[in-house]
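Trainee: Next comes the structure file entry-v2.txt, holding compact mmCIF, N, CA and C atoms.
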# COMPACT_ATOMS: atom_id res chain seq x y z
N MET A 24 -53.49 11.71 -31.58
CA MET A 24 -52.65 10.54 -31.45
C MET A 24 -51.22 10.94 -31.08
N LYS A 25 -50.69 11.98 -31.79
CA LYS A 25 -49.34 12.44 -31.49
C LYS A 25 -49.25 12.94 -30.06
N THR A 26 -50.31 13.59 -29.59
CA THR A 26 -50.33 14.12 -28.23
C THR A 26 -50.26 13.00 -27.21
N ILE A 27 -50.98 11.92 -27.47
CA ILE A 27 -50.98 10.78 -26.55
C ILE A 27 -49.59 10.13 -26.52
N CYS A 28 -48.98 9.93 -27.68
CA CYS A 28 -47.63 9.34 -27.74
C CYS A 28 -46.62 10.22 -27.01
N LEU A 29 -46.71 11.52 -27.22
CA LEU A 29 -45.81 12.45 -26.55
C LEU A 29 -46.02 12.40 -25.03
N ALA A 30 -47.25 12.36 -24.60
CA ALA A 30 -47.56 12.30 -23.17
C ALA A 30 -47.04 11.00 -22.57
N LEU A 31 -47.21 9.88 -23.26
CA LEU A 31 -46.71 8.59 -22.77
C LEU A 31 -45.19 8.58 -22.71
N SER A 32 -44.55 9.16 -23.71
CA SER A 32 -43.09 9.25 -23.72
C SER A 32 -42.58 10.05 -22.54
N LEU A 33 -43.17 11.19 -22.29
CA LEU A 33 -42.76 12.02 -21.16
C LEU A 33 -42.99 11.30 -19.85
N PHE A 34 -44.12 10.61 -19.72
CA PHE A 34 -44.42 9.87 -18.51
C PHE A 34 -43.38 8.77 -18.29
N ALA A 35 -43.08 8.01 -19.34
CA ALA A 35 -42.10 6.93 -19.23
C ALA A 35 -40.73 7.48 -18.87
N PHE A 36 -40.33 8.57 -19.52
CA PHE A 36 -39.02 9.18 -19.25
C PHE A 36 -38.93 9.67 -17.81
N SER A 37 -39.98 10.30 -17.32
CA SER A 37 -39.95 10.81 -15.95
C SER A 37 -39.93 9.66 -14.95
N GLY A 38 -40.56 8.54 -15.29
CA GLY A 38 -40.52 7.36 -14.42
C GLY A 38 -39.13 6.80 -14.30
N ILE A 39 -38.40 6.80 -15.40
CA ILE A 39 -37.01 6.31 -15.37
C ILE A 39 -36.17 7.25 -14.52
N ALA A 40 -36.35 8.54 -14.71
CA ALA A 40 -35.58 9.51 -13.94
C ALA A 40 -35.85 9.35 -12.45
N LEU A 41 -37.12 9.12 -12.08
CA LEU A 41 -37.45 8.93 -10.67
C LEU A 41 -36.82 7.66 -10.14
N ALA A 42 -36.82 6.61 -10.95
CA ALA A 42 -36.22 5.35 -10.50
C ALA A 42 -34.72 5.54 -10.29
N GLU A 43 -34.05 6.28 -11.15
CA GLU A 43 -32.63 6.49 -10.98
C GLU A 43 -32.33 7.33 -9.76
N GLU A 44 -33.18 8.31 -9.47
CA GLU A 44 -32.96 9.15 -8.31
C GLU A 44 -33.15 8.37 -7.01
N ALA A 45 -33.96 7.34 -7.03
CA ALA A 45 -34.25 6.59 -5.82
C ALA A 45 -33.13 5.63 -5.42
N LYS A 46 -32.17 5.40 -6.30
CA LYS A 46 -31.08 4.48 -5.98
C LYS A 46 -30.21 5.08 -4.89
N PRO A 47 -29.81 4.26 -3.91
CA PRO A 47 -28.93 4.80 -2.87
C PRO A 47 -27.54 5.04 -3.44
N ALA A 48 -26.87 6.03 -2.90
CA ALA A 48 -25.50 6.33 -3.33
C ALA A 48 -24.57 5.22 -2.85
N PRO A 49 -23.52 4.91 -3.61
CA PRO A 49 -22.59 3.89 -3.14
C PRO A 49 -21.89 4.36 -1.87
N PRO A 50 -21.57 3.44 -0.97
CA PRO A 50 -20.93 3.83 0.28
C PRO A 50 -19.54 4.41 0.02
N VAL A 51 -19.16 5.37 0.83
CA VAL A 51 -17.84 5.98 0.73
C VAL A 51 -16.87 5.13 1.55
N ALA A 52 -15.73 4.80 0.94
CA ALA A 52 -14.74 3.98 1.64
C ALA A 52 -14.16 4.76 2.81
N ALA A 53 -14.02 4.09 3.92
CA ALA A 53 -13.46 4.74 5.10
C ALA A 53 -11.98 5.00 4.90
N GLN A 54 -11.54 6.18 5.24
CA GLN A 54 -10.13 6.54 5.15
C GLN A 54 -9.45 6.16 6.45
N PRO A 55 -8.24 5.57 6.39
CA PRO A 55 -7.56 5.22 7.63
C PRO A 55 -7.21 6.49 8.42
N ASN A 56 -7.34 6.40 9.71
CA ASN A 56 -7.02 7.52 10.58
C ASN A 56 -5.56 7.37 11.02
N PRO A 57 -4.67 8.29 10.58
CA PRO A 57 -3.26 8.15 10.94
C PRO A 57 -3.01 8.32 12.42
N ASP A 58 -3.95 8.92 13.16
CA ASP A 58 -3.78 9.13 14.59
C ASP A 58 -4.32 7.96 15.42
N ALA A 59 -5.00 7.02 14.77
CA ALA A 59 -5.57 5.88 15.50
C ALA A 59 -4.44 4.98 16.00
N PRO A 60 -4.60 4.39 17.19
CA PRO A 60 -3.56 3.51 17.69
C PRO A 60 -3.42 2.29 16.78
N ARG A 61 -2.17 1.90 16.55
CA ARG A 61 -1.93 0.75 15.68
C ARG A 61 -1.84 -0.52 16.51
N PRO A 62 -2.23 -1.64 15.92
CA PRO A 62 -2.16 -2.89 16.67
C PRO A 62 -0.71 -3.27 16.95
N ALA A 63 -0.51 -3.93 18.06
CA ALA A 63 0.82 -4.43 18.39
C ALA A 63 1.02 -5.78 17.71
N PRO A 64 2.21 -6.02 17.18
CA PRO A 64 2.44 -7.32 16.54
C PRO A 64 2.57 -8.41 17.60
N PRO A 65 2.27 -9.64 17.22
CA PRO A 65 2.55 -10.74 18.15
C PRO A 65 4.05 -10.72 18.50
N SER A 66 4.39 -11.11 19.70
CA SER A 66 5.78 -10.99 20.17
C SER A 66 6.76 -11.84 19.36
N ASP A 67 6.29 -12.85 18.66
CA ASP A 67 7.19 -13.71 17.90
C ASP A 67 7.32 -13.32 16.43
N VAL A 68 6.72 -12.20 16.01
CA VAL A 68 6.79 -11.75 14.61
C VAL A 68 7.80 -10.62 14.52
N THR A 69 8.82 -10.81 13.66
CA THR A 69 9.86 -9.80 13.49
C THR A 69 10.23 -9.69 12.01
N ALA A 70 10.93 -8.62 11.69
CA ALA A 70 11.45 -8.45 10.33
C ALA A 70 12.80 -7.77 10.39
N GLU A 71 13.76 -8.37 9.73
CA GLU A 71 15.05 -7.74 9.48
C GLU A 71 14.88 -7.01 8.15
N VAL A 72 15.24 -5.73 8.07
CA VAL A 72 14.96 -4.94 6.88
C VAL A 72 16.23 -4.22 6.42
N LYS A 73 16.51 -4.27 5.10
CA LYS A 73 17.68 -3.60 4.54
C LYS A 73 17.31 -2.95 3.21
N ALA A 74 18.05 -1.89 2.86
CA ALA A 74 17.87 -1.21 1.57
C ALA A 74 19.15 -1.35 0.75
N GLY A 75 18.99 -1.59 -0.55
CA GLY A 75 20.15 -1.75 -1.42
C GLY A 75 19.79 -1.51 -2.87
N THR A 76 20.70 -1.89 -3.75
CA THR A 76 20.49 -1.68 -5.19
C THR A 76 20.01 -2.94 -5.90
N GLY A 77 19.81 -4.01 -5.16
CA GLY A 77 19.30 -5.23 -5.77
C GLY A 77 19.15 -6.33 -4.75
N VAL A 78 18.66 -7.47 -5.23
CA VAL A 78 18.54 -8.68 -4.41
C VAL A 78 19.03 -9.84 -5.25
N GLU A 79 19.97 -10.60 -4.71
CA GLU A 79 20.50 -11.78 -5.37
C GLU A 79 20.56 -12.93 -4.37
N LYS A 80 20.11 -14.09 -4.80
CA LYS A 80 20.12 -15.29 -3.95
C LYS A 80 19.48 -15.01 -2.59
N ARG A 81 18.35 -14.32 -2.62
CA ARG A 81 17.55 -13.99 -1.43
C ARG A 81 18.27 -13.14 -0.39
N GLU A 82 19.26 -12.35 -0.85
CA GLU A 82 19.97 -11.42 0.03
C GLU A 82 20.10 -10.07 -0.67
N VAL A 83 20.09 -8.99 0.09
CA VAL A 83 20.24 -7.66 -0.49
C VAL A 83 21.69 -7.46 -0.95
N VAL A 84 21.87 -6.75 -2.06
CA VAL A 84 23.20 -6.36 -2.54
C VAL A 84 23.22 -4.84 -2.69
N GLY A 85 24.42 -4.27 -2.62
CA GLY A 85 24.54 -2.82 -2.74
C GLY A 85 23.90 -2.08 -1.58
N GLU A 86 23.96 -2.69 -0.38
CA GLU A 86 23.33 -2.08 0.79
C GLU A 86 23.95 -0.72 1.07
N ALA A 87 23.12 0.27 1.35
CA ALA A 87 23.60 1.63 1.64
C ALA A 87 22.54 2.40 2.42
N ALA A 88 22.97 3.55 2.95
CA ALA A 88 22.05 4.44 3.65
C ALA A 88 21.74 5.66 2.80
N THR A 89 22.49 5.85 1.70
CA THR A 89 22.29 6.98 0.80
C THR A 89 22.39 6.48 -0.63
N PHE A 90 21.48 6.98 -1.49
CA PHE A 90 21.45 6.59 -2.90
C PHE A 90 21.33 7.85 -3.76
N PRO A 91 21.92 7.84 -4.97
CA PRO A 91 21.72 8.98 -5.86
C PRO A 91 20.31 8.99 -6.44
N ALA A 92 19.80 10.19 -6.74
CA ALA A 92 18.48 10.32 -7.37
C ALA A 92 18.48 9.53 -8.67
N GLY A 93 17.36 8.88 -8.95
CA GLY A 93 17.22 8.06 -10.15
C GLY A 93 17.54 6.58 -9.93
N THR A 94 17.98 6.23 -8.74
CA THR A 94 18.32 4.85 -8.41
C THR A 94 17.05 4.04 -8.13
N THR A 95 17.06 2.79 -8.56
CA THR A 95 16.01 1.86 -8.13
C THR A 95 16.48 1.28 -6.80
N VAL A 96 15.77 1.61 -5.75
CA VAL A 96 16.11 1.14 -4.40
C VAL A 96 15.26 -0.09 -4.10
N TRP A 97 15.92 -1.15 -3.69
CA TRP A 97 15.25 -2.39 -3.29
C TRP A 97 15.22 -2.45 -1.77
N VAL A 98 14.07 -2.77 -1.22
CA VAL A 98 13.96 -2.99 0.22
C VAL A 98 13.66 -4.47 0.42
N TRP A 99 14.57 -5.11 1.13
CA TRP A 99 14.52 -6.55 1.38
C TRP A 99 14.15 -6.76 2.84
N SER A 100 13.32 -7.74 3.09
CA SER A 100 12.98 -8.06 4.48
C SER A 100 12.97 -9.57 4.68
N ARG A 101 13.52 -9.99 5.83
CA ARG A 101 13.43 -11.39 6.25
C ARG A 101 12.45 -11.41 7.40
N VAL A 102 11.30 -12.00 7.14
CA VAL A 102 10.19 -12.01 8.08
C VAL A 102 10.18 -13.34 8.82
N THR A 103 10.06 -13.28 10.13
CA THR A 103 9.99 -14.48 10.95
C THR A 103 8.69 -14.47 11.75
N GLY A 104 7.92 -15.54 11.65
CA GLY A 104 6.72 -15.70 12.46
C GLY A 104 5.44 -15.15 11.86
N ALA A 105 5.49 -14.47 10.73
CA ALA A 105 4.27 -13.92 10.13
C ALA A 105 3.63 -14.97 9.23
N GLU A 106 2.33 -14.84 9.02
CA GLU A 106 1.61 -15.75 8.13
C GLU A 106 0.78 -14.95 7.14
N GLY A 107 0.66 -15.47 5.94
CA GLY A 107 -0.22 -14.85 4.94
C GLY A 107 0.46 -13.78 4.12
N SER A 108 0.63 -12.58 4.71
CA SER A 108 1.25 -11.48 3.97
C SER A 108 1.80 -10.45 4.92
N VAL A 109 2.68 -9.60 4.39
CA VAL A 109 3.18 -8.42 5.08
C VAL A 109 3.08 -7.26 4.11
N LYS A 110 3.26 -6.06 4.62
CA LYS A 110 3.23 -4.86 3.79
C LYS A 110 4.55 -4.13 3.91
N HIS A 111 5.03 -3.59 2.79
CA HIS A 111 6.13 -2.63 2.79
C HIS A 111 5.48 -1.27 2.55
N VAL A 112 5.50 -0.41 3.54
CA VAL A 112 4.91 0.92 3.42
C VAL A 112 6.05 1.92 3.20
N TRP A 113 6.12 2.46 1.98
CA TRP A 113 7.16 3.41 1.59
C TRP A 113 6.72 4.81 1.98
N LYS A 114 7.58 5.52 2.74
CA LYS A 114 7.26 6.86 3.21
C LYS A 114 8.36 7.83 2.76
N ARG A 115 7.95 8.95 2.20
CA ARG A 115 8.89 10.00 1.81
C ARG A 115 8.64 11.20 2.71
N ASP A 116 9.68 11.65 3.37
CA ASP A 116 9.58 12.78 4.29
C ASP A 116 8.43 12.59 5.28
N GLY A 117 8.27 11.37 5.77
CA GLY A 117 7.27 11.06 6.79
C GLY A 117 5.87 10.74 6.30
N LYS A 118 5.62 10.87 4.99
CA LYS A 118 4.27 10.62 4.45
C LYS A 118 4.27 9.35 3.60
N ALA A 119 3.30 8.48 3.86
CA ALA A 119 3.18 7.24 3.07
C ALA A 119 2.86 7.58 1.62
N VAL A 120 3.65 7.01 0.70
CA VAL A 120 3.43 7.28 -0.72
C VAL A 120 3.09 6.02 -1.52
N TRP A 121 3.39 4.85 -0.99
CA TRP A 121 3.13 3.61 -1.72
C TRP A 121 3.20 2.44 -0.76
N THR A 122 2.35 1.44 -0.99
CA THR A 122 2.35 0.23 -0.17
C THR A 122 2.37 -0.99 -1.07
N ALA A 123 3.27 -1.91 -0.76
CA ALA A 123 3.33 -3.19 -1.45
C ALA A 123 2.87 -4.27 -0.48
N THR A 124 1.90 -5.07 -0.88
CA THR A 124 1.46 -6.21 -0.08
C THR A 124 2.16 -7.44 -0.64
N LEU A 125 2.90 -8.14 0.21
CA LEU A 125 3.77 -9.23 -0.22
C LEU A 125 3.40 -10.53 0.49
N ASN A 126 3.33 -11.60 -0.26
CA ASN A 126 2.99 -12.91 0.30
C ASN A 126 4.12 -13.44 1.17
N VAL A 127 3.74 -14.14 2.23
CA VAL A 127 4.67 -14.83 3.11
C VAL A 127 4.32 -16.31 3.04
N GLY A 128 5.30 -17.11 2.61
CA GLY A 128 5.03 -18.52 2.36
C GLY A 128 5.40 -19.48 3.47
N SER A 129 6.12 -19.03 4.49
CA SER A 129 6.46 -19.91 5.60
C SER A 129 6.84 -19.06 6.82
N LYS A 130 7.17 -19.71 7.93
CA LYS A 130 7.48 -19.00 9.17
C LYS A 130 8.75 -18.15 9.06
N LYS A 131 9.65 -18.51 8.16
CA LYS A 131 10.85 -17.71 7.90
C LYS A 131 10.90 -17.47 6.40
N TRP A 132 10.74 -16.20 5.99
CA TRP A 132 10.53 -15.89 4.58
C TRP A 132 11.22 -14.58 4.23
N SER A 133 11.88 -14.54 3.08
CA SER A 133 12.43 -13.26 2.62
C SER A 133 11.62 -12.78 1.43
N THR A 134 11.46 -11.46 1.36
CA THR A 134 10.69 -10.85 0.29
C THR A 134 11.24 -9.46 0.04
N GLN A 135 10.81 -8.82 -1.03
CA GLN A 135 11.33 -7.50 -1.34
C GLN A 135 10.36 -6.69 -2.18
N SER A 136 10.54 -5.38 -2.15
CA SER A 136 9.83 -4.46 -3.03
C SER A 136 10.85 -3.45 -3.51
N ARG A 137 10.51 -2.72 -4.57
CA ARG A 137 11.47 -1.76 -5.12
C ARG A 137 10.74 -0.56 -5.70
N ARG A 138 11.45 0.56 -5.72
CA ARG A 138 10.94 1.80 -6.32
C ARG A 138 12.11 2.54 -6.96
N THR A 139 11.88 3.11 -8.13
CA THR A 139 12.85 4.02 -8.71
C THR A 139 12.53 5.40 -8.16
N ILE A 140 13.53 6.02 -7.55
CA ILE A 140 13.28 7.28 -6.83
C ILE A 140 13.99 8.42 -7.59
N PRO A 141 13.20 9.25 -8.28
CA PRO A 141 13.79 10.28 -9.12
C PRO A 141 14.26 11.54 -8.39
N LYS A 142 13.72 11.82 -7.20
CA LYS A 142 14.02 13.08 -6.51
C LYS A 142 14.59 12.82 -5.12
N ALA A 143 15.34 13.81 -4.65
CA ALA A 143 15.94 13.73 -3.33
C ALA A 143 14.87 13.75 -2.24
N GLY A 144 15.20 13.12 -1.12
CA GLY A 144 14.30 13.13 0.02
C GLY A 144 14.74 12.12 1.06
N SER A 145 14.11 12.19 2.21
CA SER A 145 14.34 11.22 3.28
C SER A 145 13.28 10.14 3.16
N TRP A 146 13.71 8.90 3.15
CA TRP A 146 12.81 7.77 2.96
C TRP A 146 12.86 6.82 4.14
N GLU A 147 11.74 6.16 4.35
CA GLU A 147 11.63 5.10 5.35
C GLU A 147 10.67 4.06 4.77
N VAL A 148 11.01 2.80 4.95
CA VAL A 148 10.09 1.73 4.57
C VAL A 148 9.81 0.93 5.84
N GLU A 149 8.53 0.89 6.20
CA GLU A 149 8.11 0.17 7.39
C GLU A 149 7.48 -1.14 6.96
N VAL A 150 7.92 -2.23 7.56
CA VAL A 150 7.31 -3.54 7.32
C VAL A 150 6.23 -3.73 8.37
N GLN A 151 5.04 -4.09 7.90
CA GLN A 151 3.89 -4.26 8.79
C GLN A 151 3.27 -5.63 8.58
N THR A 152 2.62 -6.13 9.61
CA THR A 152 1.82 -7.34 9.47
C THR A 152 0.60 -7.00 8.62
N ALA A 153 -0.17 -8.01 8.23
CA ALA A 153 -1.35 -7.79 7.40
C ALA A 153 -2.35 -6.84 8.06
N ASP A 154 -2.39 -6.81 9.40
CA ASP A 154 -3.33 -5.92 10.09
C ASP A 154 -2.72 -4.57 10.46
N GLY A 155 -1.50 -4.28 9.99
CA GLY A 155 -0.91 -2.96 10.17
C GLY A 155 0.03 -2.78 11.34
N ALA A 156 0.36 -3.84 12.06
CA ALA A 156 1.29 -3.73 13.18
C ALA A 156 2.72 -3.64 12.64
N PRO A 157 3.51 -2.65 13.08
CA PRO A 157 4.89 -2.51 12.60
C PRO A 157 5.79 -3.60 13.17
N ILE A 158 6.63 -4.19 12.29
CA ILE A 158 7.55 -5.24 12.76
C ILE A 158 9.00 -4.98 12.35
N GLY A 159 9.25 -3.93 11.58
CA GLY A 159 10.61 -3.58 11.20
C GLY A 159 10.63 -2.37 10.31
N THR A 160 11.79 -1.71 10.22
CA THR A 160 11.89 -0.52 9.40
C THR A 160 13.32 -0.31 8.92
N VAL A 161 13.46 0.39 7.80
CA VAL A 161 14.76 0.83 7.32
C VAL A 161 14.60 2.25 6.82
N SER A 162 15.62 3.08 7.09
CA SER A 162 15.61 4.47 6.62
C SER A 162 16.80 4.69 5.71
N PHE A 163 16.61 5.57 4.72
CA PHE A 163 17.70 5.92 3.81
C PHE A 163 17.40 7.28 3.19
N ALA A 164 18.41 7.86 2.59
CA ALA A 164 18.25 9.17 1.95
C ALA A 164 18.54 9.03 0.45
N VAL A 165 17.87 9.82 -0.33
CA VAL A 165 18.14 9.93 -1.77
C VAL A 165 18.60 11.36 -1.99
N GLN A 166 19.79 11.49 -2.63
CA GLN A 166 20.37 12.83 -2.84
C GLN A 166 20.46 13.13 -4.31
Can you give me the file's structure in the form of structure tokens?

Mentor:
Amino acid sequence: MKTICLALSLFAFSGIALAEEAKPAPPVAAQPNPDAPRPAPPSDVTAEVKAGTGVEKREVVGEAATFPAGTTVWVWSRVTGAEGSVKHVWKRDGKAVWTATLNVGSKKWSTQSRRTIPKAGSWEVEVQTADGAPIGTVSFAVQ
């Protein structure tokens, strides 16, 4: 009797193992190709972009091209003609390090994102349409 129970247990266990092995692996997410051509924005979509130490009454304050390390840098953009959302793509020394997706509520809309930057470097924030077309940029340095 013990032999039969043991045999059934092993059979059941091996069946589960086989069922788990038969499951397909989850698909791997495609990585964006940085060398792929980017879409062109519609001709009527633009963004005015500025960097500063804050935003008050929908305008940037403390606008500068250089900030001390440890500063929270705000990037403000006034987007015209975009619908749905835009992206602020933060790049340090030419490499994308963070992206903020921001809602756009009308044909003329201001929005902002911010980062506290602890170390020195050259920074650029590119404003893109939802599909990745560049519509504006601002560059600054952190020392």

Trainee: Figure out the distance between atom N of Ala164 in chain A and atom N of Ala143 in chain A, please, to one decimal in Å.

Mentor: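 We find that atom N of Ala143 in chain A and atom N of Ala164 in chain A lie 9.9 Å from each other.
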
Trainee: Check the smallest atom-to-atom distance from each of A:Arg137, A:Lys118, A:Arg81, A:Lys131 to Gly104 in chain A using only N, CA and C atoms, then report the winner.

Mentor: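 Ranked by minimum distance to Gly104 in chain A, first place goes to A:Lys131.
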
Trainee: May I ask which of the residues A:Thr124, A:Gln166, A:Thr94, A:Thr69 is the closest one to Ala153 in chain A, counting only C-alpha atoms?

Mentor: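 Among the listed residues, the smallest separation from Ala153 in chain A belongs to A:Thr124.
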
Trainee: If I take atom C of Ser162 in chain A and CA of Asp116 in chain A, how far is one from the other in Å, to one decimal?

Mentor: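 Taking atom C of Ser162 in chain A and CA of Asp116 in chain A, their separation equals 10.9 Å.
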
Trainee: As an exercise, work out the distance from atom N of Glu106 in chain A to CA of Asn126 in chain A in Å and give it to one decimal place.

Mentor: 9.0 Å

Trainee: Choose the residue, out of A:Val165, A:Val112, A:Val96, A:Leu125, that has the smallest atom-to-atom separation from Glu147 in chain A; count all atoms listed in the file.

Mentor: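 Of A:Val165, A:Val112, A:Val96, A:Leu125, the one nearest Glu147 in chain A, counting all atoms listed in the file, is A:Val112.
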
Trainee: I'd like to know which of A:Val84, A:Gly159, A:Ala105, A:Val98 is closest to Arg138 in chain A, using only N, CA and C atoms.

Mentor: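 Among A:Val84, A:Gly159, A:Ala105, A:Val98, it is A:Val98 that comes nearest to Arg138 in chain A.
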